[in-house]
Amino acid sequence: MAVTRSTEVGAKVAALCAELGPGAMLPGERDLSTRFGVSRATVRKALEELMARRIIERRHGAGTFVRRPAVAQPLMATSFGDDMRRRGLEPSSRLLWWDTVVADTDLAARLEMPGGEAVLRVCRVRLADGEPMTLETLHVPAARVPGLTGDDLDGPSSYYELLASRFDRRIRSGTQSVAPVVLDAGDAALLGVAAGAAALRFVRTSRDHRGEVIERVESLARGDRYLIEMEIIPPGEIP
């Protein structure tokens, strides 16, 4: 099968991507055209082929970048920070807002707490190496974390670490659901992607070593940056 000119250029651009590394910005079409001695139309077609292969990505108003590999998300009770550090990425958070609300019947049931009591809500963008990864809203009964505020969870702070060090509470179990969604314009802007981009919606409820619900977290994770990992167990070996 004959190799097309755009395929040849695509191979050269792919090699350049490997040299530059994940997250690097590629030269513009004009520069690539000059570098490889081909027309801009050929370069454009080559870039489209590389985007289809998920090697590069275009960011509106910013340019074309080497795509970072998707982060594998195991379905287990680990913190965002631990997951990112395990992959050699530096985790951080940007606080968007926090407040306290009175738990209605539905929220009280989900948090296994009396209705009418206070719930702390904290909304953050979670980042890895400065890049937005997830948009996360935490709900926790305020009485179980007395004195905790959203300001405590800004920057590099870890909720799980604060639970252990300040409140002697450690995550022991939980449940989590995952569903595909499409981002609206507001959420997409916070995650640095285009409106209508694919995402994964995680809803996690965790218990501490006392058996009490200590968090309900609703997260939107970028679909281009997350994979889901699940362990497969033969039916006869399920506990």
# chains A, B, ... in the order shown; residues from 1 in each chain; ligands from 1
call {"tool": "residues_around", "arguments": {"residues": "segment 190-196 of chain A", "least_positions_apart": "3", "cutoff": "9 Å", "atoms": "only C-alpha atoms", "output": "PDB file with N, CA and C atoms, in the first residue's frame"}}
result
ATOM      1  N   ARG A  59      -6.297  23.050  21.301  1.00  0.00           N
ATOM      2  CA  ARG A  59      -6.982  23.807  22.341  1.00  0.00           C
ATOM      3  C   ARG A  59      -7.376  25.138  21.759  1.00  0.00           C
ATOM      4  N   HIS A  60      -8.662  25.409  21.797  1.00  0.00           N
ATOM      5  CA  HIS A  60      -9.189  26.608  21.161  1.00  0.00           C
ATOM      6  C   HIS A  60      -8.500  27.854  21.691  1.00  0.00           C
ATOM      7  N   VAL A 125     -11.552  22.715  41.721  1.00  0.00           N
ATOM      8  CA  VAL A 125     -10.956  22.139  40.523  1.00  0.00           C
ATOM      9  C   VAL A 125      -9.696  21.416  40.973  1.00  0.00           C
ATOM     10  N   GLU A 131      -2.609  21.354  35.390  1.00  0.00           N
ATOM     11  CA  GLU A 131      -3.642  21.159  34.368  1.00  0.00           C
ATOM     12  C   GLU A 131      -4.937  20.675  35.023  1.00  0.00           C
ATOM     13  N   PRO A 132      -6.088  21.313  34.730  1.00  0.00           N
ATOM     14  CA  PRO A 132      -7.351  20.858  35.312  1.00  0.00           C
ATOM     15  C   PRO A 132      -7.661  19.413  34.920  1.00  0.00           C
ATOM     16  N   MET A 133      -8.053  18.620  35.906  1.00  0.00           N
ATOM     17  CA  MET A 133      -8.387  17.219  35.678  1.00  0.00           C
ATOM     18  C   MET A 133      -9.836  16.905  36.035  1.00  0.00           C
ATOM     19  N   THR A 134     -10.267  17.381  37.205  1.00  0.00           N
ATOM     20  CA  THR A 134     -11.629  17.106  37.645  1.00  0.00           C
ATOM     21  C   THR A 134     -12.226  18.345  38.301  1.00  0.00           C
ATOM     22  N   LEU A 135     -13.542  18.414  38.253  1.00  0.00           N
ATOM     23  CA  LEU A 135     -14.325  19.418  38.970  1.00  0.00           C
ATOM     24  C   LEU A 135     -15.076  18.655  40.052  1.00  0.00           C
ATOM     25  N   VAL A 182     -21.811  14.716  29.029  1.00  0.00           N
ATOM     26  CA  VAL A 182     -21.314  15.769  28.141  1.00  0.00           C
ATOM     27  C   VAL A 182     -21.272  17.063  28.939  1.00  0.00           C
ATOM     28  N   LEU A 183     -20.169  17.782  28.865  1.00  0.00           N
ATOM     29  CA  LEU A 183     -19.977  18.985  29.679  1.00  0.00           C
ATOM     30  C   LEU A 183     -20.729  20.181  29.105  1.00  0.00           C
ATOM     31  N   ASP A 184     -21.367  20.939  29.983  1.00  0.00           N
ATOM     32  CA  ASP A 184     -21.950  22.208  29.540  1.00  0.00           C
ATOM     33  C   ASP A 184     -20.843  23.263  29.473  1.00  0.00           C
ATOM     34  N   ALA A 185     -21.191  24.435  29.005  1.00  0.00           N
ATOM     35  CA  ALA A 185     -20.171  25.461  28.753  1.00  0.00           C
ATOM     36  C   ALA A 185     -19.452  25.881  30.031  1.00  0.00           C
ATOM     37  N   GLY A 186     -20.195  26.018  31.146  1.00  0.00           N
ATOM     38  CA  GLY A 186     -19.576  26.468  32.385  1.00  0.00           C
ATOM     39  C   GLY A 186     -18.580  25.470  32.942  1.00  0.00           C
ATOM     40  N   ASP A 187     -18.978  24.196  33.028  1.00  0.00           N
ATOM     41  CA  ASP A 187     -18.075  23.174  33.549  1.00  0.00           C
ATOM     42  C   ASP A 187     -16.891  22.962  32.615  1.00  0.00           C
ATOM     43  N   LEU A 220     -16.673  15.626  38.119  1.00  0.00           N
ATOM     44  CA  LEU A 220     -16.660  15.560  36.661  1.00  0.00           C
ATOM     45  C   LEU A 220     -15.205  15.476  36.220  1.00  0.00           C
ATOM     46  N   ALA A 221     -14.837  14.375  35.576  1.00  0.00           N
ATOM     47  CA  ALA A 221     -13.459  14.153  35.139  1.00  0.00           C
ATOM     48  C   ALA A 221     -13.375  14.243  33.623  1.00  0.00           C
ATOM     49  N   ARG A 222     -12.357  14.916  33.145  1.00  0.00           N
ATOM     50  CA  ARG A 222     -12.170  15.059  31.700  1.00  0.00           C
ATOM     51  C   ARG A 222     -12.079  13.694  31.021  1.00  0.00           C
TER      52      ARG A 222
END
call {"tool": "select_by_dssp", "arguments": {"residues": "segment 29-236 of chain A", "states": "strand (DSSP E or B)", "output": "number ranges by chain"}}
result
A: 56-59, 63-66, 71-74, 91-102, 118-128, 131-141, 155, 171-182, 198-208, 213-222, 226-229
call {"tool": "residues_around", "arguments": {"residues": "segment 151-164 of chain A", "least_positions_apart": "5", "cutoff": "6 Å", "atoms": "only C-alpha atoms", "output": "PDB file with all heavy atoms, in the first residue's frame"}}
result
ATOM      1  N   SER A  92      -2.748  19.424  42.967  1.00  0.00           N
ATOM      2  CA  SER A  92      -3.109  20.642  43.690  1.00  0.00           C
ATOM      3  C   SER A  92      -4.597  20.883  43.474  1.00  0.00           C
ATOM      4  O   SER A  92      -5.250  20.177  42.709  1.00  0.00           O
ATOM      5  CB  SER A  92      -2.282  21.846  43.215  1.00  0.00           C
ATOM      6  OG  SER A  92      -2.532  22.121  41.857  1.00  0.00           O
ATOM      7  N   SER A  93      -5.118  21.877  44.160  1.00  0.00           N
ATOM      8  CA  SER A  93      -6.534  22.208  44.053  1.00  0.00           C
ATOM      9  C   SER A  93      -6.712  23.709  43.946  1.00  0.00           C
ATOM     10  O   SER A  93      -5.917  24.474  44.479  1.00  0.00           O
ATOM     11  CB  SER A  93      -7.314  21.701  45.281  1.00  0.00           C
ATOM     12  OG  SER A  93      -7.198  20.311  45.429  1.00  0.00           O
ATOM     13  N   ARG A  94      -7.765  24.103  43.254  1.00  0.00           N
ATOM     14  CA  ARG A  94      -8.152  25.515  43.209  1.00  0.00           C
ATOM     15  C   ARG A  94      -9.573  25.621  43.756  1.00  0.00           C
ATOM     16  O   ARG A  94     -10.517  25.075  43.177  1.00  0.00           O
ATOM     17  CB  ARG A  94      -8.081  26.061  41.786  1.00  0.00           C
ATOM     18  CG  ARG A  94      -8.386  27.562  41.721  1.00  0.00           C
ATOM     19  CD  ARG A  94      -8.082  28.135  40.360  1.00  0.00           C
ATOM     20  NE  ARG A  94      -9.070  27.762  39.351  1.00  0.00           N
ATOM     21  CZ  ARG A  94      -8.835  26.991  38.311  1.00  0.00           C
ATOM     22  NH1 ARG A  94      -7.633  26.478  38.116  1.00  0.00           N
ATOM     23  NH2 ARG A  94      -9.785  26.711  37.442  1.00  0.00           N
ATOM     24  N   LEU A  95      -9.704  26.280  44.888  1.00  0.00           N
ATOM     25  CA  LEU A  95     -11.010  26.421  45.531  1.00  0.00           C
ATOM     26  C   LEU A  95     -11.894  27.360  44.715  1.00  0.00           C
ATOM     27  O   LEU A  95     -11.493  28.474  44.383  1.00  0.00           O
ATOM     28  CB  LEU A  95     -10.829  26.967  46.947  1.00  0.00           C
ATOM     29  CG  LEU A  95     -12.101  27.218  47.756  1.00  0.00           C
ATOM     30  CD1 LEU A  95     -12.815  25.915  48.068  1.00  0.00           C
ATOM     31  CD2 LEU A  95     -11.755  27.961  49.048  1.00  0.00           C
ATOM     32  N   ARG A 169      -9.912  10.333  61.678  1.00  0.00           N
ATOM     33  CA  ARG A 169     -10.839   9.559  60.843  1.00  0.00           C
ATOM     34  C   ARG A 169     -10.080   9.085  59.599  1.00  0.00           C
ATOM     35  O   ARG A 169      -9.410   9.886  58.955  1.00  0.00           O
ATOM     36  CB  ARG A 169     -12.054  10.386  60.438  1.00  0.00           C
ATOM     37  CG  ARG A 169     -12.995  10.736  61.591  1.00  0.00           C
ATOM     38  CD  ARG A 169     -14.151  11.578  61.109  1.00  0.00           C
ATOM     39  NE  ARG A 169     -15.095  11.929  62.161  1.00  0.00           N
ATOM     40  CZ  ARG A 169     -16.183  11.211  62.471  1.00  0.00           C
ATOM     41  NH1 ARG A 169     -16.447  10.098  61.796  1.00  0.00           N
ATOM     42  NH2 ARG A 169     -16.997  11.621  63.432  1.00  0.00           N
ATOM     43  N   ARG A 170     -10.231   7.812  59.274  1.00  0.00           N
ATOM     44  CA  ARG A 170      -9.539   7.238  58.126  1.00  0.00           C
ATOM     45  C   ARG A 170     -10.523   6.508  57.235  1.00  0.00           C
ATOM     46  O   ARG A 170     -11.374   5.766  57.733  1.00  0.00           O
ATOM     47  CB  ARG A 170      -8.414   6.294  58.593  1.00  0.00           C
ATOM     48  CG  ARG A 170      -7.291   7.032  59.308  1.00  0.00           C
ATOM     49  CD  ARG A 170      -6.383   6.113  60.083  1.00  0.00           C
ATOM     50  NE  ARG A 170      -5.333   6.867  60.772  1.00  0.00           N
ATOM     51  CZ  ARG A 170      -5.517   7.508  61.928  1.00  0.00           C
ATOM     52  NH1 ARG A 170      -6.703   7.478  62.522  1.00  0.00           N
ATOM     53  NH2 ARG A 170      -4.531   8.191  62.476  1.00  0.00           N
TER      54      ARG A 170
END
call {"tool": "atom_distance", "arguments": {"atom1": "atom CA of Cys17 of chain A", "atom2": "atom CA of Lys45 of chain A"}}
result
16.3 Å
call {"tool": "closest_residue", "arguments": {"among": "A:Leu138, A:Arg225, A:Glu112, A:Arg172", "to": "Val213 of chain A", "atoms": "only C-alpha atoms"}}
result
A:Glu112
call {"tool": "atom_distance", "arguments": {"atom1": "atom CA of Trp98 of chain A", "atom2": "atom CA of Val203 of chain A"}}
result
18.5 Å
call {"tool": "atom_distance", "arguments": {"atom1": "atom CA of Leu148 of chain A", "atom2": "atom CA of Ala189 of chain A"}}
result
28.3 Å
call {"tool": "residues_around", "arguments": {"residues": "segment 26-36 of chain A", "least_positions_apart": "2", "cutoff": "6 Å", "atoms": "only C-alpha atoms", "output": "ChimeraX atom specification"}}
result
/A:38-40,64-65
call {"tool": "write_last_selection", "arguments": {"atoms": "all heavy atoms", "output": "PDB file, in the first residue's frame"}}
result
ATOM      1  N   VAL A  38       6.715  20.878   2.865  1.00  0.00           N
ATOM      2  CA  VAL A  38       5.441  20.467   2.269  1.00  0.00           C
ATOM      3  C   VAL A  38       4.456  21.616   2.385  1.00  0.00           C
ATOM      4  O   VAL A  38       4.719  22.621   3.063  1.00  0.00           O
ATOM      5  CB  VAL A  38       4.867  19.214   2.959  1.00  0.00           C
ATOM      6  CG1 VAL A  38       5.793  18.014   2.766  1.00  0.00           C
ATOM      7  CG2 VAL A  38       4.621  19.471   4.438  1.00  0.00           C
ATOM      8  N   SER A  39       3.321  21.468   1.739  1.00  0.00           N
ATOM      9  CA  SER A  39       2.305  22.515   1.794  1.00  0.00           C
ATOM     10  C   SER A  39       1.610  22.517   3.155  1.00  0.00           C
ATOM     11  O   SER A  39       1.607  21.515   3.878  1.00  0.00           O
ATOM     12  CB  SER A  39       1.261  22.301   0.694  1.00  0.00           C
ATOM     13  OG  SER A  39       0.493  21.143   0.966  1.00  0.00           O
ATOM     14  N   ARG A  40       0.991  23.642   3.472  1.00  0.00           N
ATOM     15  CA  ARG A  40       0.248  23.727   4.727  1.00  0.00           C
ATOM     16  C   ARG A  40      -0.957  22.800   4.709  1.00  0.00           C
ATOM     17  O   ARG A  40      -1.362  22.267   5.753  1.00  0.00           O
ATOM     18  CB  ARG A  40      -0.190  25.173   4.987  1.00  0.00           C
ATOM     19  CG  ARG A  40       0.975  26.105   5.307  1.00  0.00           C
ATOM     20  CD  ARG A  40       0.519  27.507   5.623  1.00  0.00           C
ATOM     21  NE  ARG A  40      -0.270  27.563   6.845  1.00  0.00           N
ATOM     22  CZ  ARG A  40      -0.756  28.707   7.348  1.00  0.00           C
ATOM     23  NH1 ARG A  40      -0.522  29.863   6.716  1.00  0.00           N
ATOM     24  NH2 ARG A  40      -1.464  28.704   8.455  1.00  0.00           N
ATOM     25  N   THR A  64      -1.793  23.827  19.209  1.00  0.00           N
ATOM     26  CA  THR A  64      -1.802  22.370  19.136  1.00  0.00           C
ATOM     27  C   THR A  64      -0.740  21.824  20.072  1.00  0.00           C
ATOM     28  O   THR A  64       0.396  22.307  20.078  1.00  0.00           O
ATOM     29  CB  THR A  64      -1.532  21.895  17.695  1.00  0.00           C
ATOM     30  OG1 THR A  64      -2.501  22.493  16.821  1.00  0.00           O
ATOM     31  CG2 THR A  64      -1.631  20.381  17.593  1.00  0.00           C
ATOM     32  N   PHE A  65      -1.117  20.814  20.859  1.00  0.00           N
ATOM     33  CA  PHE A  65      -0.245  20.303  21.907  1.00  0.00           C
ATOM     34  C   PHE A  65      -0.108  18.786  21.819  1.00  0.00           C
ATOM     35  O   PHE A  65      -1.003  18.101  21.315  1.00  0.00           O
ATOM     36  CB  PHE A  65      -0.803  20.668  23.284  1.00  0.00           C
ATOM     37  CG  PHE A  65      -0.844  22.139  23.559  1.00  0.00           C
ATOM     38  CD1 PHE A  65      -1.860  22.927  23.038  1.00  0.00           C
ATOM     39  CD2 PHE A  65       0.144  22.743  24.327  1.00  0.00           C
ATOM     40  CE1 PHE A  65      -1.897  24.295  23.285  1.00  0.00           C
ATOM     41  CE2 PHE A  65       0.112  24.104  24.586  1.00  0.00           C
ATOM     42  CZ  PHE A  65      -0.902  24.881  24.064  1.00  0.00           C
TER      43      PHE A  65
END
call {"tool": "residues_around", "arguments": {"residues": "Gly115 of chain A", "least_positions_apart": "2", "cutoff": "7 Å", "atoms": "only C-alpha atoms", "output": "ChimeraX atom specification"}}
result
/A:103-105,108,113,117
call {"tool": "write_last_selection", "arguments": {"atoms": "all heavy atoms", "output": "compact mmCIF listing (two decimals), in the first residue's frame"}}
result
# COMPACT_ATOMS: atom_id res chain seq x y z
N ALA A 103 -29.18 20.08 55.74
CA ALA A 103 -29.45 18.85 55.02
C ALA A 103 -30.96 18.63 54.89
O ALA A 103 -31.68 18.59 55.89
CB ALA A 103 -28.82 17.67 55.73
N ASP A 104 -31.43 18.49 53.64
CA ASP A 104 -32.82 18.11 53.44
C ASP A 104 -32.94 16.59 53.63
O ASP A 104 -31.95 15.90 53.92
CB ASP A 104 -33.34 18.56 52.08
CG ASP A 104 -32.54 17.98 50.91
OD1 ASP A 104 -31.84 16.97 51.11
OD2 ASP A 104 -32.63 18.54 49.80
N THR A 105 -34.11 16.07 53.43
CA THR A 105 -34.34 14.64 53.68
C THR A 105 -33.46 13.76 52.80
O THR A 105 -32.86 12.78 53.28
CB THR A 105 -35.82 14.30 53.44
OG1 THR A 105 -36.64 15.11 54.29
CG2 THR A 105 -36.09 12.82 53.74
N ALA A 108 -29.66 14.14 53.78
CA ALA A 108 -29.45 13.52 55.09
C ALA A 108 -29.41 11.99 54.98
O ALA A 108 -28.59 11.33 55.63
CB ALA A 108 -30.55 13.95 56.05
N MET A 113 -27.25 10.97 58.26
CA MET A 113 -27.20 11.95 59.34
C MET A 113 -28.61 12.45 59.60
O MET A 113 -29.51 12.28 58.75
CB MET A 113 -26.29 13.12 58.94
CG MET A 113 -26.78 13.85 57.70
SD MET A 113 -25.76 15.27 57.24
CE MET A 113 -26.22 16.44 58.52
N GLU A 117 -29.57 19.21 60.03
CA GLU A 117 -28.24 19.57 60.51
C GLU A 117 -27.38 20.10 59.37
O GLU A 117 -27.71 19.95 58.19
CB GLU A 117 -27.57 18.37 61.19
CG GLU A 117 -28.26 17.95 62.47
CD GLU A 117 -27.44 16.95 63.28
OE1 GLU A 117 -26.35 16.54 62.80
OE2 GLU A 117 -27.90 16.57 64.37
call {"tool": "select_by_dssp", "arguments": {"residues": "segment 42-228 of chain A", "states": "alpha helix (DSSP H)", "output": "number ranges by chain"}}
result
A: 42-52, 80-86, 105-111, 159-167, 185-191
call {"tool": "closest_residue", "arguments": {"among": "A:Thr42, A:Arg121, A:Glu90, A:Leu20", "to": "Thr4 of chain A", "atoms": "only C-alpha atoms"}}
result
A:Thr42
